[in-house]
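Asks: One file: work-v6.cif (mmCIF, C-alpha atoms).
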```
data_entry
#
loop_
_atom_site.group_PDB
_atom_site.id
_atom_site.type_symbol
_atom_site.label_atom_id
_atom_site.label_comp_id
_atom_site.auth_asym_id
_atom_site.auth_seq_id
_atom_site.Cartn_x
_atom_site.Cartn_y
_atom_site.Cartn_z
ATOM 1 C CA MET A 1 140.844 178.681 36.411
ATOM 2 C CA LEU A 2 142.196 175.477 34.951
ATOM 3 C CA SER A 3 140.300 173.973 32.078
ATOM 4 C CA THR A 4 137.340 171.862 33.129
ATOM 5 C CA VAL A 5 138.828 169.221 30.838
ATOM 6 C CA ALA A 6 141.739 168.935 33.289
ATOM 7 C CA ALA A 7 139.543 168.508 36.345
ATOM 8 C CA ALA A 8 136.089 167.435 35.210
ATOM 9 C CA ALA A 9 133.792 165.044 37.017
ATOM 10 C CA GLY A 10 134.639 161.418 36.399
ATOM 11 C CA ARG A 11 138.381 161.966 36.793
ATOM 12 C CA LEU A 12 140.532 160.541 39.555
ATOM 13 C CA LEU A 13 142.551 162.774 41.841
ATOM 14 C CA ILE A 14 145.608 160.988 43.219
ATOM 15 C CA SER A 15 147.366 162.638 46.138
ATOM 16 C CA GLU A 16 151.055 163.287 45.811
ATOM 17 C CA PRO A 17 153.074 160.818 47.914
ATOM 18 C CA PHE A 18 154.086 163.205 50.705
ATOM 19 C CA MET A 19 150.730 164.797 51.420
ATOM 20 C CA MET A 20 150.568 164.919 55.198
ATOM 21 C CA ASP A 21 146.864 165.763 55.646
ATOM 22 C CA PRO A 22 145.535 162.485 57.111
ATOM 23 C CA ASN A 23 142.222 162.991 55.297
ATOM 24 C CA PHE A 24 143.980 162.689 51.954
ATOM 25 C CA LYS A 25 147.232 160.847 52.608
ATOM 26 C CA ARG A 26 147.805 158.402 49.729
ATOM 27 C CA SER A 27 144.269 158.963 48.541
ATOM 28 C CA VAL A 28 142.487 158.205 45.314
ATOM 29 C CA ILE A 29 139.445 160.440 44.933
ATOM 30 C CA LEU A 30 136.718 160.016 42.359
ATOM 31 C CA LEU A 31 135.635 163.518 41.375
ATOM 32 C CA THR A 32 131.845 163.481 41.048
ATOM 33 C CA GLU A 33 131.121 167.151 40.522
ATOM 34 C CA TYR A 34 133.188 170.045 39.209
ATOM 35 C CA ALA A 35 131.611 173.450 38.655
ATOM 36 C CA GLU A 36 132.233 177.148 39.244
ATOM 37 C CA SER A 37 130.562 176.678 42.644
ATOM 38 C CA GLY A 38 133.194 174.126 43.695
ATOM 39 C CA ALA A 39 133.956 170.431 43.481
ATOM 40 C CA VAL A 40 132.836 167.215 45.196
ATOM 41 C CA GLY A 41 134.381 163.762 45.279
ATOM 42 C CA PHE A 42 134.841 160.616 47.363
ATOM 43 C CA VAL A 43 138.021 159.086 48.761
ATOM 44 C CA LEU A 44 137.936 155.539 47.394
ATOM 45 C CA ASN A 45 140.608 153.913 49.523
ATOM 46 C CA HIS A 46 140.122 154.945 53.157
ATOM 47 C CA THR A 47 137.984 152.352 54.901
ATOM 48 C CA SER A 48 136.047 153.666 57.889
ATOM 49 C CA GLU A 49 135.644 151.865 61.194
ATOM 50 C CA TYR A 50 132.036 151.132 60.245
ATOM 51 C CA LEU A 51 130.323 148.374 58.349
ATOM 52 C CA LEU A 52 127.056 149.042 56.552
ATOM 53 C CA GLY A 53 125.117 147.281 59.333
ATOM 54 C CA ASP A 54 126.461 149.813 61.846
ATOM 55 C CA ILE A 55 124.906 152.648 59.856
ATOM 56 C CA LEU A 56 121.824 150.831 58.552
ATOM 57 C CA PRO A 57 121.029 148.307 61.307
ATOM 58 C CA ASP A 58 117.970 146.969 59.451
ATOM 59 C CA THR A 59 120.182 145.816 56.552
ATOM 60 C CA SER A 60 120.802 142.076 56.329
ATOM 61 C CA TYR A 61 124.122 142.279 54.475
ATOM 62 C CA SER A 62 125.811 144.082 57.325
ATOM 63 C CA GLU A 63 129.430 143.129 56.576
ATOM 64 C CA MET A 64 129.807 145.493 53.611
ATOM 65 C CA PRO A 65 132.550 148.094 54.297
ATOM 66 C CA VAL A 66 131.875 151.807 54.434
ATOM 67 C CA TYR A 67 134.584 154.212 53.288
ATOM 68 C CA VAL A 68 135.464 157.691 54.527
ATOM 69 C CA GLY A 69 134.490 159.793 51.527
ATOM 70 C CA GLY A 70 136.094 162.862 53.041
ATOM 71 C CA PRO A 71 135.986 165.240 55.967
ATOM 72 C CA VAL A 72 132.842 167.145 54.908
ATOM 73 C CA GLY A 73 129.363 166.058 56.011
ATOM 74 C CA GLU A 74 130.630 163.035 57.908
ATOM 75 C CA ASN A 75 127.101 162.269 59.097
ATOM 76 C CA THR A 76 125.883 161.688 55.527
ATOM 77 C CA LEU A 77 125.861 158.431 53.538
ATOM 78 C CA HIS A 78 126.631 158.364 49.802
ATOM 79 C CA PHE A 79 127.282 155.639 47.248
ATOM 80 C CA ILE A 80 128.674 154.971 43.811
ATOM 81 C CA HIS A 81 127.906 151.851 41.795
ATOM 82 C CA CYS A 82 128.423 150.135 38.467
ATOM 83 C CA VAL A 83 124.996 148.501 38.101
ATOM 84 C CA PRO A 84 122.518 150.978 36.566
ATOM 85 C CA GLU A 85 120.367 148.039 35.501
ATOM 86 C CA LYS A 86 119.743 147.330 39.204
ATOM 87 C CA ILE A 87 119.734 150.894 40.611
ATOM 88 C CA GLU A 88 117.822 153.521 38.669
ATOM 89 C CA GLY A 89 118.255 157.252 39.049
ATOM 90 C CA GLY A 90 122.043 157.423 39.355
ATOM 91 C CA ILE A 91 124.136 159.997 37.535
ATOM 92 C CA GLU A 92 126.824 158.562 35.257
ATOM 93 C CA ILE A 93 130.026 160.339 36.254
ATOM 94 C CA ALA A 94 132.491 158.183 34.315
ATOM 95 C CA GLU A 95 132.011 155.363 31.873
ATOM 96 C CA GLY A 96 130.225 152.632 33.826
ATOM 97 C CA ILE A 97 130.315 154.466 37.194
ATOM 98 C CA TYR A 98 127.197 156.008 38.694
ATOM 99 C CA TRP A 99 126.690 158.310 41.657
ATOM 100 C CA GLY A 100 123.550 157.799 43.737
ATOM 101 C CA GLY A 101 120.214 156.438 42.693
ATOM 102 C CA ASP A 102 117.077 155.041 44.328
ATOM 103 C CA PHE A 103 118.212 154.427 47.924
ATOM 104 C CA ASP A 104 115.142 152.333 48.831
ATOM 105 C CA VAL A 105 116.034 149.959 45.997
ATOM 106 C CA VAL A 106 119.642 149.860 47.211
ATOM 107 C CA LYS A 107 118.537 148.862 50.724
ATOM 108 C CA GLU A 108 116.261 146.141 49.310
ATOM 109 C CA LEU A 109 118.994 144.758 47.039
ATOM 110 C CA VAL A 110 121.591 144.776 49.822
ATOM 111 C CA SER A 111 119.190 143.065 52.240
ATOM 112 C CA ALA A 112 118.403 140.434 49.603
ATOM 113 C CA TYR A 113 122.146 139.847 48.956
ATOM 114 C CA GLN A 114 121.703 141.035 45.367
ATOM 115 C CA LEU A 115 124.455 143.664 45.574
ATOM 116 C CA ASP A 116 128.016 143.091 46.684
ATOM 117 C CA GLU A 117 131.236 145.048 47.172
ATOM 118 C CA THR A 118 132.238 144.634 43.509
ATOM 119 C CA GLU A 119 129.121 146.595 42.469
ATOM 120 C CA ILE A 120 128.646 149.333 45.065
ATOM 121 C CA LYS A 121 130.737 151.416 47.440
ATOM 122 C CA PHE A 122 129.344 153.379 50.401
ATOM 123 C CA PHE A 123 130.865 156.531 51.918
ATOM 124 C CA THR A 124 130.363 158.572 55.052
ATOM 125 C CA GLY A 125 131.007 162.173 54.185
ATOM 126 C CA TYR A 126 132.612 163.556 51.077
ATOM 127 C CA SER A 127 135.533 165.648 49.891
ATOM 128 C CA GLY A 128 134.621 169.191 48.952
ATOM 129 C CA TRP A 129 136.393 172.204 47.534
ATOM 130 C CA THR A 130 135.208 175.804 47.473
ATOM 131 C CA PRO A 131 135.203 177.731 44.184
ATOM 132 C CA LYS A 132 138.715 177.756 42.677
ATOM 133 C CA GLN A 133 140.212 175.842 45.636
ATOM 134 C CA LEU A 134 140.771 172.659 43.631
ATOM 135 C CA ASP A 135 142.190 174.684 40.740
ATOM 136 C CA GLU A 136 144.737 176.224 43.119
ATOM 137 C CA GLU A 137 145.674 172.796 44.516
ATOM 138 C CA LEU A 138 146.131 171.472 40.978
ATOM 139 C CA THR A 139 148.403 174.423 40.165
ATOM 140 C CA GLU A 140 150.442 173.572 43.285
ATOM 141 C CA ASN A 141 150.752 169.931 42.113
ATOM 142 C CA VAL A 142 148.992 168.555 45.193
ATOM 143 C CA TRP A 143 147.038 166.162 42.971
ATOM 144 C CA ILE A 144 147.687 164.076 39.893
ATOM 145 C CA VAL A 145 144.603 164.051 37.656
ATOM 146 C CA THR A 146 143.742 161.184 35.337
ATOM 147 C CA ASP A 147 140.835 159.851 33.361
ATOM 148 C CA LYS A 148 142.760 156.698 32.433
ATOM 149 C CA PHE A 149 141.588 154.001 34.823
ATOM 150 C CA ASP A 150 139.658 150.775 34.782
ATOM 151 C CA PRO A 151 136.255 151.479 36.374
ATOM 152 C CA GLU A 152 136.128 147.915 37.698
ATOM 153 C CA SER A 153 139.340 148.500 39.675
ATOM 154 C CA LEU A 154 137.593 151.131 41.798
ATOM 155 C CA PHE A 155 135.364 148.389 43.192
ATOM 156 C CA THR A 156 137.748 145.414 43.184
ATOM 157 C CA ASN A 157 141.175 146.732 44.247
ATOM 158 C CA SER A 158 141.788 146.551 47.963
ATOM 159 C CA ASP A 159 141.813 149.926 49.633
ATOM 160 C CA LYS A 160 145.425 149.380 50.697
ATOM 161 C CA ASN A 161 146.628 148.821 47.121
ATOM 162 C CA LEU A 162 144.423 151.225 45.187
ATOM 163 C CA TRP A 163 146.696 154.273 45.528
ATOM 164 C CA LYS A 164 149.820 152.334 44.533
ATOM 165 C CA GLN A 165 148.144 150.490 41.639
ATOM 166 C CA THR A 166 146.576 153.702 40.335
ATOM 167 C CA VAL A 167 149.922 155.526 40.420
ATOM 168 C CA ILE A 168 151.659 152.632 38.627
ATOM 169 C CA SER A 169 148.915 152.590 35.969
ATOM 170 C CA LEU A 170 149.813 156.183 35.034
ATOM 171 C CA GLY A 171 152.987 154.944 33.381
ATOM 172 C CA GLN A 172 156.699 155.336 33.838
ATOM 173 C CA ARG A 173 156.535 159.064 34.547
ATOM 174 C CA TYR A 174 154.801 158.368 37.880
ATOM 175 C CA ALA A 175 155.491 154.687 38.637
ATOM 176 C CA HIS A 176 158.601 155.422 40.691
ATOM 177 C CA ILE A 177 156.625 157.399 43.291
ATOM 178 C CA ALA A 178 154.497 154.356 44.083
ATOM 179 C CA ASN A 179 157.398 152.982 46.140
ATOM 180 C CA PHE A 180 158.227 156.159 48.044
ATOM 181 C CA PRO A 181 158.070 155.548 51.800
ATOM 182 C CA GLU A 182 154.958 156.899 53.532
ATOM 183 C CA ASN A 183 157.138 158.869 55.898
ATOM 184 C CA PRO A 184 160.326 160.102 54.205
ATOM 185 C CA GLU A 185 161.889 160.874 57.596
ATOM 186 C CA LEU A 186 162.034 157.134 58.298
ATOM 187 C CA ASN A 187 164.072 156.518 55.155
#
```
Give the structure from the file, written as structure tokens.

Replies:
Amino acid sequence: MLSTVAAAAGRLLISEPFMMDPNFKRSVILLTEYAESGAVGFVLNHTSEYLLGDILPDTSYSEMPVYVGGPVGENTLHFIHCVPEKIEGGIEIAEGIYWGGDFDVVKELVSAYQLDETEIKFFTGYSGWTPKQLDEELTENVWIVTDKFDPESLFTNSDKNLWKQTVISLGQRYAHIANFPENPELN
């Protein structure tokens, strides 16, 4: 098993540029849980076809996007946020980033237009790995792991640019892959 330091919660997993699995193609995943029992995270840059109002029709602020967190539990709704002073009960998974919290408060704040897209991100489903599965994928270099990122960028970068900007932020060693074509056969 790889060291939990290498793949602990609060890290980003960045898919290698030629990953063909459509669930994870050019993905940036925030790892929220990493334990012997497996790992959990959310794809940050794959917008779903739904807006929050489609899932929570009684919510006034219905134009907020909902992201595809991953292919597991697609009928579940999850959220991360950066406002613990507004939403109690969340688990801090990285500096300034919280997973979950009081959902009734979230619905009230959203309906009152007191939360916006720069403070909270919603997901249908999640990404999950069985015990040792993520460790094996890391050994096979399927993912680039980093803890060097600006927490604000996870909420403010457009989903289309997040993968590229995150790869570039890793430095010269990885920056060149940010411009690889999505489909190398079209090159």

Asks: For Ser62 in chain A, please output as a list in words all residues within 7 Å (counting all atoms listed in the file; exclusion window: fewer than 2 positions along the same chain).

Replies: Leu51, Leu52, Gly53, Thr59, Ser60 and Met64 of chain A

Asks: If I take CA of Lys164 in chain A and CA of Glu16 in chain A, how far is one from the other in Å, to one decimal?

Replies: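 The value is 11.1 Å.
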
Asks: Apply the PyMOL selection byres ((chain A and resi 129) around 6) to the displayed file and report the matching residues as a PyMOL selection string.

Replies: chain A and resi 38-39+128+130+133-134

Asks: Could you list, as a list of chain:residue names, every residue within 9 Å of Phe149 in chain A, counting only C-alpha atoms and ignoring same-chain residues fewer than 6 positions away?

Replies: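 After dropping sequence-adjacent residues, the list is A:Arg11, A:Leu12, A:Thr166, A:Ser169, A:Leu170.
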
Asks: Output the selection as an mmCIF file, in the coordinates of the input - C-alpha atoms for each residue.

Replies:
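The resulting out-v6.cif:
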```cif
data_model
loop_
_atom_site.group_PDB
_atom_site.id
_atom_site.type_symbol
_atom_site.label_atom_id
_atom_site.label_comp_id
_atom_site.auth_asym_id
_atom_site.auth_seq_id
_atom_site.Cartn_x
_atom_site.Cartn_y
_atom_site.Cartn_z
ATOM 1 C CA ARG A 11 138.381 161.966 36.793
ATOM 2 C CA LEU A 12 140.532 160.541 39.555
ATOM 3 C CA THR A 166 146.576 153.702 40.335
ATOM 4 C CA SER A 169 148.915 152.590 35.969
ATOM 5 C CA LEU A 170 149.813 156.183 35.034
#
```

Asks: Just need the box for range 112-115 of chain A, edges along x, y and z, holding every atom the file lists for it with 4 Å tacked onto each side, so centre and edge lengths in Å to one decimal, as lines of an AutoDock Vina configuration file.

Replies:
```
center_x = 121.4
center_y = 141.8
center_z = 47.5
size_x = 14.1
size_y = 11.8
size_z = 12.2
```

Asks: Which value, in Å to one decimal, gives the distance between CA of Thr124 in chain A and CA of Asn161 in chain A?

Replies: 20.6 Å

Asks: Would you list the contacts of Val43 in chain A as a ChimeraX atom specification, taking every protein, DNA or RNA residue within 9 Å and counting all atoms listed in the file, but skipping same-chain residues closer than 2 positions in sequence?

Replies: /A:23-24,27-31,41,45-46,67-70,123,126-127

Asks: Contacts of Tyr174 in chain A at 12 Å or less, counting all atoms listed in the file, minus same-chain residues fewer than 5 places along, as an mmCIF file with C-alpha atoms, in the frame of the given file?

Replies:
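Dumped everything to result.cif:
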```
data_model
loop_
_atom_site.group_PDB
_atom_site.id
_atom_site.type_symbol
_atom_site.label_atom_id
_atom_site.label_comp_id
_atom_site.auth_asym_id
_atom_site.auth_seq_id
_atom_site.Cartn_x
_atom_site.Cartn_y
_atom_site.Cartn_z
ATOM 1 C CA ILE A 14 145.608 160.988 43.219
ATOM 2 C CA SER A 15 147.366 162.638 46.138
ATOM 3 C CA GLU A 16 151.055 163.287 45.811
ATOM 4 C CA PRO A 17 153.074 160.818 47.914
ATOM 5 C CA ILE A 144 147.687 164.076 39.893
ATOM 6 C CA VAL A 145 144.603 164.051 37.656
ATOM 7 C CA THR A 146 143.742 161.184 35.337
ATOM 8 C CA TRP A 163 146.696 154.273 45.528
ATOM 9 C CA LYS A 164 149.820 152.334 44.533
ATOM 10 C CA GLN A 165 148.144 150.490 41.639
ATOM 11 C CA THR A 166 146.576 153.702 40.335
ATOM 12 C CA VAL A 167 149.922 155.526 40.420
ATOM 13 C CA ILE A 168 151.659 152.632 38.627
ATOM 14 C CA SER A 169 148.915 152.590 35.969
ATOM 15 C CA ASN A 179 157.398 152.982 46.140
ATOM 16 C CA PHE A 180 158.227 156.159 48.044
#
```

Asks: Taking all atoms listed in the file into account, name the residue in A:Asp21, A:Ile80, A:Asp150, A:Lys121 that is nearest to Pro65 in chain A.

Replies: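 For Pro65 in chain A, the nearest of the candidates is A:Lys121.
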
Asks: What gap, in Å, lies between CA of Glu88 in chain A and CA of Gly100 in chain A?

Replies: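 One can read the CA of Glu88 in chain A to CA of Gly100 in chain A distance as 8.8 Å.
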
Asks: Name all residues at most 8 Å from Ser111 in chain A (count only C-alpha atoms; drop same-chain ones fewer than 2 positions away) and give them as number ranges by chain.

Replies: A: 59-61, 107-109, 113-114

Asks: Output range 7-43 of chain A as a PDB file, in the coordinates of the input, making sure N, CA and C atoms are there.

Replies:
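Result written to rebuild.pdb:
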```pdb
ATOM      1  N   ALA A   7     140.043 168.894  35.026  1.00  0.00           N
ATOM      2  CA  ALA A   7     139.543 168.508  36.345  1.00  0.00           C
ATOM      3  C   ALA A   7     138.038 168.277  36.338  1.00  0.00           C
ATOM      4  N   ALA A   8     137.526 167.660  35.309  1.00  0.00           N
ATOM      5  CA  ALA A   8     136.089 167.435  35.210  1.00  0.00           C
ATOM      6  C   ALA A   8     135.651 166.229  36.026  1.00  0.00           C
ATOM      7  N   ALA A   9     134.353 166.195  36.313  1.00  0.00           N
ATOM      8  CA  ALA A   9     133.792 165.044  37.017  1.00  0.00           C
ATOM      9  C   ALA A   9     134.138 163.766  36.259  1.00  0.00           C
ATOM     10  N   GLY A  10     134.295 162.692  37.002  1.00  0.00           N
ATOM     11  CA  GLY A  10     134.639 161.418  36.399  1.00  0.00           C
ATOM     12  C   GLY A  10     136.134 161.170  36.324  1.00  0.00           C
ATOM     13  N   ARG A  11     136.927 162.127  36.763  1.00  0.00           N
ATOM     14  CA  ARG A  11     138.381 161.966  36.793  1.00  0.00           C
ATOM     15  C   ARG A  11     138.779 161.460  38.179  1.00  0.00           C
ATOM     16  N   LEU A  12     139.965 160.911  38.265  1.00  0.00           N
ATOM     17  CA  LEU A  12     140.532 160.541  39.555  1.00  0.00           C
ATOM     18  C   LEU A  12     141.535 161.596  39.968  1.00  0.00           C
ATOM     19  N   LEU A  13     141.522 161.932  41.240  1.00  0.00           N
ATOM     20  CA  LEU A  13     142.551 162.774  41.841  1.00  0.00           C
ATOM     21  C   LEU A  13     143.395 161.853  42.699  1.00  0.00           C
ATOM     22  N   ILE A  14     144.694 161.851  42.475  1.00  0.00           N
ATOM     23  CA  ILE A  14     145.608 160.988  43.219  1.00  0.00           C
ATOM     24  C   ILE A  14     146.525 161.906  44.007  1.00  0.00           C
ATOM     25  N   SER A  15     146.549 161.745  45.318  1.00  0.00           N
ATOM     26  CA  SER A  15     147.366 162.638  46.138  1.00  0.00           C
ATOM     27  C   SER A  15     148.840 162.370  45.887  1.00  0.00           C
ATOM     28  N   GLU A  16     149.613 163.444  45.952  1.00  0.00           N
ATOM     29  CA  GLU A  16     151.055 163.287  45.811  1.00  0.00           C
ATOM     30  C   GLU A  16     151.559 162.476  47.010  1.00  0.00           C
ATOM     31  N   PRO A  17     152.668 161.796  46.896  1.00  0.00           N
ATOM     32  CA  PRO A  17     153.074 160.818  47.914  1.00  0.00           C
ATOM     33  C   PRO A  17     153.388 161.378  49.292  1.00  0.00           C
ATOM     34  N   PHE A  18     153.703 162.669  49.402  1.00  0.00           N
ATOM     35  CA  PHE A  18     154.086 163.205  50.705  1.00  0.00           C
ATOM     36  C   PHE A  18     153.022 164.104  51.315  1.00  0.00           C
ATOM     37  N   MET A  19     151.794 164.010  50.822  1.00  0.00           N
ATOM     38  CA  MET A  19     150.730 164.797  51.420  1.00  0.00           C
ATOM     39  C   MET A  19     150.556 164.341  52.868  1.00  0.00           C
ATOM     40  N   MET A  20     150.610 165.270  53.785  1.00  0.00           N
ATOM     41  CA  MET A  20     150.568 164.919  55.198  1.00  0.00           C
ATOM     42  C   MET A  20     149.168 165.018  55.805  1.00  0.00           C
ATOM     43  N   ASP A  21     148.232 165.672  55.135  1.00  0.00           N
ATOM     44  CA  ASP A  21     146.864 165.763  55.646  1.00  0.00           C
ATOM     45  C   ASP A  21     146.306 164.346  55.743  1.00  0.00           C
ATOM     46  N   PRO A  22     145.993 163.871  56.962  1.00  0.00           N
ATOM     47  CA  PRO A  22     145.535 162.485  57.111  1.00  0.00           C
ATOM     48  C   PRO A  22     144.236 162.180  56.368  1.00  0.00           C
ATOM     49  N   ASN A  23     143.453 163.207  56.053  1.00  0.00           N
ATOM     50  CA  ASN A  23     142.222 162.991  55.297  1.00  0.00           C
ATOM     51  C   ASN A  23     142.503 162.561  53.861  1.00  0.00           C
ATOM     52  N   PHE A  24     143.684 162.936  53.362  1.00  0.00           N
ATOM     53  CA  PHE A  24     143.980 162.689  51.954  1.00  0.00           C
ATOM     54  C   PHE A  24     145.308 161.990  51.715  1.00  0.00           C
ATOM     55  N   LYS A  25     145.947 161.518  52.759  1.00  0.00           N
ATOM     56  CA  LYS A  25     147.232 160.847  52.608  1.00  0.00           C
ATOM     57  C   LYS A  25     147.072 159.592  51.749  1.00  0.00           C
ATOM     58  N   ARG A  26     147.842 159.528  50.686  1.00  0.00           N
ATOM     59  CA  ARG A  26     147.805 158.402  49.729  1.00  0.00           C
ATOM     60  C   ARG A  26     146.376 158.072  49.319  1.00  0.00           C
ATOM     61  N   SER A  27     145.679 159.091  48.908  1.00  0.00           N
ATOM     62  CA  SER A  27     144.269 158.963  48.541  1.00  0.00           C
ATOM     63  C   SER A  27     144.062 158.899  47.038  1.00  0.00           C
ATOM     64  N   VAL A  28     143.010 158.191  46.671  1.00  0.00           N
ATOM     65  CA  VAL A  28     142.487 158.205  45.314  1.00  0.00           C
ATOM     66  C   VAL A  28     141.052 158.703  45.459  1.00  0.00           C
ATOM     67  N   ILE A  29     140.769 159.832  44.824  1.00  0.00           N
ATOM     68  CA  ILE A  29     139.445 160.440  44.933  1.00  0.00           C
ATOM     69  C   ILE A  29     138.768 160.413  43.576  1.00  0.00           C
ATOM     70  N   LEU A  30     137.534 159.949  43.563  1.00  0.00           N
ATOM     71  CA  LEU A  30     136.718 160.016  42.359  1.00  0.00           C
ATOM     72  C   LEU A  30     135.976 161.348  42.398  1.00  0.00           C
ATOM     73  N   LEU A  31     136.279 162.220  41.458  1.00  0.00           N
ATOM     74  CA  LEU A  31     135.635 163.518  41.375  1.00  0.00           C
ATOM     75  C   LEU A  31     134.252 163.323  40.767  1.00  0.00           C
ATOM     76  N   THR A  32     133.210 163.700  41.518  1.00  0.00           N
ATOM     77  CA  THR A  32     131.845 163.481  41.048  1.00  0.00           C
ATOM     78  C   THR A  32     131.183 164.747  40.540  1.00  0.00           C
ATOM     79  N   GLU A  33     131.701 165.886  40.958  1.00  0.00           N
ATOM     80  CA  GLU A  33     131.121 167.151  40.522  1.00  0.00           C
ATOM     81  C   GLU A  33     132.222 168.200  40.460  1.00  0.00           C
ATOM     82  N   TYR A  34     132.212 168.967  39.381  1.00  0.00           N
ATOM     83  CA  TYR A  34     133.188 170.045  39.209  1.00  0.00           C
ATOM     84  C   TYR A  34     132.469 171.184  38.498  1.00  0.00           C
ATOM     85  N   ALA A  35     132.331 172.307  39.203  1.00  0.00           N
ATOM     86  CA  ALA A  35     131.611 173.450  38.655  1.00  0.00           C
ATOM     87  C   ALA A  35     132.220 174.728  39.212  1.00  0.00           C
ATOM     88  N   GLU A  36     131.745 175.876  38.723  1.00  0.00           N
ATOM     89  CA  GLU A  36     132.233 177.148  39.244  1.00  0.00           C
ATOM     90  C   GLU A  36     131.961 177.275  40.737  1.00  0.00           C
ATOM     91  N   SER A  37     130.922 176.595  41.225  1.00  0.00           N
ATOM     92  CA  SER A  37     130.562 176.678  42.644  1.00  0.00           C
ATOM     93  C   SER A  37     131.451 175.810  43.532  1.00  0.00           C
ATOM     94  N   GLY A  38     132.290 174.975  42.933  1.00  0.00           N
ATOM     95  CA  GLY A  38     133.194 174.126  43.695  1.00  0.00           C
ATOM     96  C   GLY A  38     133.237 172.717  43.145  1.00  0.00           C
ATOM     97  N   ALA A  39     133.794 171.814  43.933  1.00  0.00           N
ATOM     98  CA  ALA A  39     133.956 170.431  43.481  1.00  0.00           C
ATOM     99  C   ALA A  39     133.614 169.471  44.624  1.00  0.00           C
ATOM    100  N   VAL A  40     133.201 168.271  44.244  1.00  0.00           N
ATOM    101  CA  VAL A  40     132.836 167.215  45.196  1.00  0.00           C
ATOM    102  C   VAL A  40     133.429 165.908  44.696  1.00  0.00           C
ATOM    103  N   GLY A  41     133.875 165.083  45.629  1.00  0.00           N
ATOM    104  CA  GLY A  41     134.381 163.762  45.279  1.00  0.00           C
ATOM    105  C   GLY A  41     134.386 162.864  46.499  1.00  0.00           C
ATOM    106  N   PHE A  42     134.805 161.613  46.295  1.00  0.00           N
ATOM    107  CA  PHE A  42     134.841 160.616  47.363  1.00  0.00           C
ATOM    108  C   PHE A  42     136.192 159.916  47.393  1.00  0.00           C
ATOM    109  N   VAL A  43     136.787 159.840  48.584  1.00  0.00           N
ATOM    110  CA  VAL A  43     138.021 159.086  48.761  1.00  0.00           C
ATOM    111  C   VAL A  43     137.657 157.608  48.634  1.00  0.00           C
TER     112      VAL A  43
END
```
